[in-house]
Every structure is written in C-alpha cells, then in structure tokens.
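Visitor: Below are the structure tokens for one structure; questions will follow.
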Number of protein chains: 2
Amino acid sequence: MMFQDYFPIYSKLTPAQQQTICASASYRSVKKGTVIHNGNLECTGLLLVKSGQLRAYILSEEGREITLYRLFDRDMCMLSASCIMNSLQFEITIAAEKDTDLWIVQPDVYKGLMQESAVVANYTAEMMATRFSEVMWLVEQIMWKSLDKRVAAFLLEEISIENTNALRITHEAIANHLGTHREVITRMLRYFQSEGLVRLSRGGVEIIDEEKLEALHDA
Amino acid sequence: MMFQDYFPIYSKLTPAQQQTICASASYRSVKKGTVIHNGNLECTGLLLVKSGQLRAYILSEEGREITLYRLFDRDMCMLSASCIMNSLQFEITIAAEKDTDLWIVQPDVYKGLMQESAVVANYTAEMMATRFSEVMWLVEQIMWKSLDKRVAAFLLEEISIENTNALRITHEAIANHLGTHREVITRMLRYFQSEGLVRLSRGGVEIIDEEKLEALHDA
C-alpha cells in the first residue's frame, strides 16, 4: 500500500498532479513519543497517517498541555502546515502516541496544488472543517462540562481506542490531555475508585464499571 | 457601494460567476439584537457585513453563552452556512450587536462556485482559517488565563471598538461574552473598582485607569 492508496482524492487529480504530490510525500516511521511537529510557526508539512496514533495539542507558557484531537490510520492533518494558508495563526504540537508510519507532504508543493485545483482546495477546506469541529467540541466540553464528566469521557475514549479496560496511563498524562493538573486528576480518580468505577494501580487505571462510568458521563 | 465592492475576490471571478454570486446575495438591514443565524443546523448562508457589528457565540443547554468572535465592516463569515461543507459539524448563533447592514449569500449557489473555482475554494478556506484562529485564541484564553485577565482584555477590546471609556454594558452581557456567570463578573468588577481601574454605575462600566488595566492584562 502506497501514498496513493491512502490519499483520499488521489483519483480526482490529473496525472501531472498525481506525480507531483507523490514525489513530494516522504515516508517516515517514528517511535512513540517522537514530536513530529513543534509549534513555533515551523511548517512541517501535511501529515497522512498510514498506521499508528498521533496527538495534537497546545502548550501554555508554563508547560501545561491540552489535547485538541488525535489522528488514527488514514487520517490527514494540515494544521502542521500552517504556511499553506495566511490566516492560520496558531501553533500546535503533534507527537506520536504510538509507533507510527506516516507520510509528510511538502507544504509548498501542496500549496501550489491547492491554488491550481478546486478539488484540492475543497478537500483542504473539509480537512480543516473536521479539525475545527473537533476543537469546537473541546470548547463546549471545557465550558459546559464539569471535570468528572470530562475524565469519564476520556477514560471511555481510551478503552475504545486501546480495546482493553486495563489502561496503562499515568495521572500526569490524563492531566495533559485534559488541560489540568496531575493533583486534580489524582483526586478525581480516587473519588472514582471510592465509587467503584475504577481500580488504580502504579501507572495504570482499570475501568471496572463501564456502565456506571457512562451513566456519570451522560448525567 | 454594492456587493461587488465588498466581496474581496470579486475581481478574480469570471463574468458568469460574478453574475451568479451577485444574483444570490440578498441585502438586509437588521436592528441591534436581531438573531441572524440560529444554530440548530439551519443553513442561513454566508454573511458579508457592509456596516455594523455582529457577534458569533455558542449556547449551552442551560442557556449560558460564550462569544467566539465578532464581525465588523467588510468581514465575511461562512460558519452560518455549514451546509457548504460536510465536515462542519457544530452550531453557532450570530446576532447583531449594533444595527447592521449586510448581504446574505445563498449557500447552495456559493457551494456550486466553490466546487468549480479554486479561487473561491481557497478564499473559503482562508475565511475558515481566520475563524479557526480566533477560536484557538479563545481556547488559550479559557485554558491558561485567569478570569481577571480575561475581563481586562474584554474591557480593553470594548473601549477600542466603542471608542469611549464609558461603556454602556451590563454585567450579564459581559458574563455572556466570557462564558461565565453574572455574579462572578459583578464580583470581579467590584474588585477592579476597589483597585481604581473602573467606576461602576447602573448599566455602565467606566474605565478610569486604562494603563493599569493593560498592566493587569499583560502581567
């Protein structure tokens, strides 16, 4: 399986455009923990995930983090290529949450294709609308949801991604996903444990009553 | 001054496209307080402000509000036309903060132009990137800034928009901009008053020490 099998609009491009974009895509295998795109207005390029898992987040000056969205197999992201659009004026960081194989498309080449092709431009707009929708979901969570519901939602998302109820994740990592402090998460998880929702261990959180966790989340 | 004088990429369209978009733009004058676009997946159309001031915000189930961004003279907005893109999956409300003259462009016509024209598609992507950047700024404010700094930033923005230090605005309205409760704003403004930053009156907030307010904001 090659780049062309993963790039959703490949078949809608002209042969010349197909050749151009394939030549501009470089393949990379990165280890879990690798920072692929590092805010600071650097223009890494567009990311297309072959397999693995990436996390997009923002950092405060004090080093606090909050997850904006994640990328899974076949997901594409253009926020690591902010130079393709003048009006993209914010910085995100993207790191590998698991060992990941991906393509990076050169931003200048992609920008050229966008300018000549309505298909590419519209696809790019759809990609951005997807990320924008995810960030708006996050705004609603932060604004209107209490932290217990957000922690519940996060744990439910994790067991669905990992396909196990025994999560290997630190309180610090959960705090960094949700934009809060480790102490706050520790307190919340201890409360969850006292309510019989989870069982805590060193470096792990096991969900023992998924139904009750869902009920808390939906309440 | 007509629609074509305000639509930024008008001169880059073909004559047929120019005719199409002009015919699809309807002119409206709305009074302050009018809700122009009402979430709920309704597809109002693209808004182009001739003169006035609009406010885009989201609502919680309990009726709480938070301002996402504002639109001023010559600003254009496509989030009131979410049907032009499949991936735009969130609802915003847009209301007039001042008496406003604007054009509303039919979404189906605009969508047709986007599909045939790279210029229109790229312009739309830039529009969306602008709004996305404003929302990301908001996320950073909510996540990393304390409320006193956010109130200070809001008051400084208002005196710049209104061109006066004597603002006619209620505590309730400020709370709705910032996504918090009236009582919280009242407490904060009383603190600002005790520090000599503002003077409070019925339905008004006068900024009496702009420099100190800026210092608080930048601290």
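Chains: A, B, ... in order of the structure tokens. Residues: from 1 per chain. Ligands: from 1, in order shown.
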If you run DSSP on the backbone, which residues of segment 32-146 of chain A are strand (DSSP E), as a PyMOL selection string?

Guide: chain A and resi 35-38+46-51+54-59+65-71+76-77+93-96+100-105

Visitor: So that I can see what lies close to Lys212 of chain A, please list as a PyMOL selection string the residues with an atom at most 12 Å from it, counting only C-alpha atoms and leaving out residues fewer than 4 positions away in the same chain.

Guide: chain A and resi 149+152-153+156+192-193+195-198+207-208+216-219

Visitor: Would you write out those residues with N, CA and C atoms, as a PDB file, in the first residue's frame?

Guide:
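So the final result, stored in part-v5.pdb, reads:
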```
ATOM      1  N   LYS A 149     -17.127  14.621  34.426  1.00  0.00           N
ATOM      2  CA  LYS A 149     -17.668  14.128  33.145  1.00  0.00           C
ATOM      3  C   LYS A 149     -16.578  14.074  32.078  1.00  0.00           C
ATOM      4  N   ALA A 152     -14.441  11.072  32.761  1.00  0.00           N
ATOM      5  CA  ALA A 152     -15.207   9.884  32.361  1.00  0.00           C
ATOM      6  C   ALA A 152     -15.165   9.727  30.842  1.00  0.00           C
ATOM      7  N   ALA A 153     -15.398  10.817  30.107  1.00  0.00           N
ATOM      8  CA  ALA A 153     -15.377  10.762  28.638  1.00  0.00           C
ATOM      9  C   ALA A 153     -14.010  10.328  28.140  1.00  0.00           C
ATOM     10  N   LEU A 156     -13.476   6.569  28.760  1.00  0.00           N
ATOM     11  CA  LEU A 156     -14.303   5.788  27.825  1.00  0.00           C
ATOM     12  C   LEU A 156     -13.687   5.802  26.424  1.00  0.00           C
ATOM     13  N   PHE A 192     -13.402   8.331  41.903  1.00  0.00           N
ATOM     14  CA  PHE A 192     -13.962   7.290  41.025  1.00  0.00           C
ATOM     15  C   PHE A 192     -13.754   5.908  41.651  1.00  0.00           C
ATOM     16  N   GLN A 193     -12.560   5.706  42.253  1.00  0.00           N
ATOM     17  CA  GLN A 193     -12.261   4.412  42.857  1.00  0.00           C
ATOM     18  C   GLN A 193     -13.189   4.159  44.053  1.00  0.00           C
ATOM     19  N   GLU A 195     -16.068   5.175  44.412  1.00  0.00           N
ATOM     20  CA  GLU A 195     -17.422   4.927  43.896  1.00  0.00           C
ATOM     21  C   GLU A 195     -17.506   3.607  43.132  1.00  0.00           C
ATOM     22  N   GLY A 196     -16.387   2.889  43.079  1.00  0.00           N
ATOM     23  CA  GLY A 196     -16.383   1.584  42.414  1.00  0.00           C
ATOM     24  C   GLY A 196     -16.354   1.639  40.891  1.00  0.00           C
ATOM     25  N   LEU A 197     -15.896   2.755  40.324  1.00  0.00           N
ATOM     26  CA  LEU A 197     -15.841   2.876  38.861  1.00  0.00           C
ATOM     27  C   LEU A 197     -14.524   2.343  38.300  1.00  0.00           C
ATOM     28  N   VAL A 198     -13.447   2.581  39.036  1.00  0.00           N
ATOM     29  CA  VAL A 198     -12.124   2.196  38.542  1.00  0.00           C
ATOM     30  C   VAL A 198     -11.323   1.552  39.673  1.00  0.00           C
ATOM     31  N   ILE A 207     -10.779   0.185  34.374  1.00  0.00           N
ATOM     32  CA  ILE A 207     -12.196   0.541  34.452  1.00  0.00           C
ATOM     33  C   ILE A 207     -12.959  -0.737  34.817  1.00  0.00           C
ATOM     34  N   ILE A 208     -13.602  -0.713  35.996  1.00  0.00           N
ATOM     35  CA  ILE A 208     -14.275  -1.936  36.434  1.00  0.00           C
ATOM     36  C   ILE A 208     -15.794  -1.825  36.321  1.00  0.00           C
ATOM     37  N   LEU A 216     -22.376   8.312  34.503  1.00  0.00           N
ATOM     38  CA  LEU A 216     -21.828   9.555  35.043  1.00  0.00           C
ATOM     39  C   LEU A 216     -21.605  10.562  33.905  1.00  0.00           C
ATOM     40  N   HIS A 217     -21.039  10.070  32.806  1.00  0.00           N
ATOM     41  CA  HIS A 217     -20.736  10.914  31.659  1.00  0.00           C
ATOM     42  C   HIS A 217     -22.003  11.528  31.050  1.00  0.00           C
ATOM     43  N   ASP A 218     -23.062  10.717  30.979  1.00  0.00           N
ATOM     44  CA  ASP A 218     -24.293  11.179  30.325  1.00  0.00           C
ATOM     45  C   ASP A 218     -25.206  11.973  31.258  1.00  0.00           C
ATOM     46  N   ALA A 219     -24.907  11.919  32.555  1.00  0.00           N
ATOM     47  CA  ALA A 219     -25.825  12.519  33.541  1.00  0.00           C
ATOM     48  C   ALA A 219     -26.039  14.011  33.272  1.00  0.00           C
TER      49      ALA A 219
END
```

Visitor: Compile the residues of chain A that lie within 8 Å of chain B, evaluated using only C-alpha atoms, and express the compilation as a ChimeraX atom specification.

Guide: /A:60,85-90,114-119,121-122,124-130,132-133,135-137,139-140,143-144,179

Visitor: List every residue of segment 31-202 of chain B that DSSP, applied to the backbone of this structure, assigns to alpha helix (DSSP H), and report them as a PyMOL selection string.

Guide: chain B and resi 107-116+118-144+147-162+171-178+182-194

Visitor: Restricting the calculation to only C-alpha atoms, which member of A:Val184, A:Met1, A:Ile94, A:Leu213 is positioned closest to Val35 of chain A?

Guide: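 Using only C-alpha atoms, the shortest distance to Val35 of chain A belongs to A:Ile94.
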
Visitor: Rank A:Ser24, A:Asn165, A:Ile36, A:Lys12 by their smallest atom-to-atom distance to Gly112 of chain A, using only C-alpha atoms, and report the top residue only.

Guide: A:Ser24

Visitor: Using atom CA of Thr100 of chain B and atom CA of Lys32 of chain B as the two end points, give the distance in Å to one decimal.

Guide: 7.1 Å

Visitor: What is the distance between atom CA of Ala16 of chain B and atom CA of Ile104 of chain B, in Å to one decimal?

Guide: 19.2 Å

Visitor: Show which residues sit within 9 Å of Ile169 of chain A, as a list in words. Count only C-alpha atoms, and ignore same-chain residues fewer than 4 positions away.

Guide: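 Surrounding residues, per the criterion: Ala173, Ile174, Gly203, Gly204 and Val205 of chain A.
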
Visitor: Restricted to N, CA, C and O atoms, what would the selected residues look like written as a PDB file, in the first residue's frame?

Guide:
```
ATOM      1  N   ALA A 173      -0.379  12.050  32.476  1.00  0.00           N
ATOM      2  CA  ALA A 173      -0.768  12.010  31.061  1.00  0.00           C
ATOM      3  C   ALA A 173      -2.235  12.397  30.895  1.00  0.00           C
ATOM      4  O   ALA A 173      -2.597  13.139  29.973  1.00  0.00           O
ATOM      5  N   ILE A 174      -3.085  11.908  31.795  1.00  0.00           N
ATOM      6  CA  ILE A 174      -4.513  12.280  31.715  1.00  0.00           C
ATOM      7  C   ILE A 174      -4.659  13.788  31.915  1.00  0.00           C
ATOM      8  O   ILE A 174      -5.400  14.462  31.189  1.00  0.00           O
ATOM      9  N   GLY A 203       0.894   3.319  37.618  1.00  0.00           N
ATOM     10  CA  GLY A 203       0.938   3.507  36.167  1.00  0.00           C
ATOM     11  C   GLY A 203      -0.259   2.959  35.419  1.00  0.00           C
ATOM     12  O   GLY A 203      -0.220   2.787  34.202  1.00  0.00           O
ATOM     13  N   GLY A 204      -1.348   2.669  36.137  1.00  0.00           N
ATOM     14  CA  GLY A 204      -2.499   2.108  35.444  1.00  0.00           C
ATOM     15  C   GLY A 204      -3.834   2.508  36.049  1.00  0.00           C
ATOM     16  O   GLY A 204      -3.920   2.862  37.225  1.00  0.00           O
ATOM     17  N   VAL A 205      -4.850   2.485  35.205  1.00  0.00           N
ATOM     18  CA  VAL A 205      -6.224   2.722  35.644  1.00  0.00           C
ATOM     19  C   VAL A 205      -7.072   1.634  35.009  1.00  0.00           C
ATOM     20  O   VAL A 205      -7.130   1.529  33.778  1.00  0.00           O
TER      21      VAL A 205
END
```

Visitor: Enter the distance from atom CA of Arg74 of chain A to atom CA of Met2 of chain A, in Å, rounded to one decimal.

Guide: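 It comes out at 11.7 Å.
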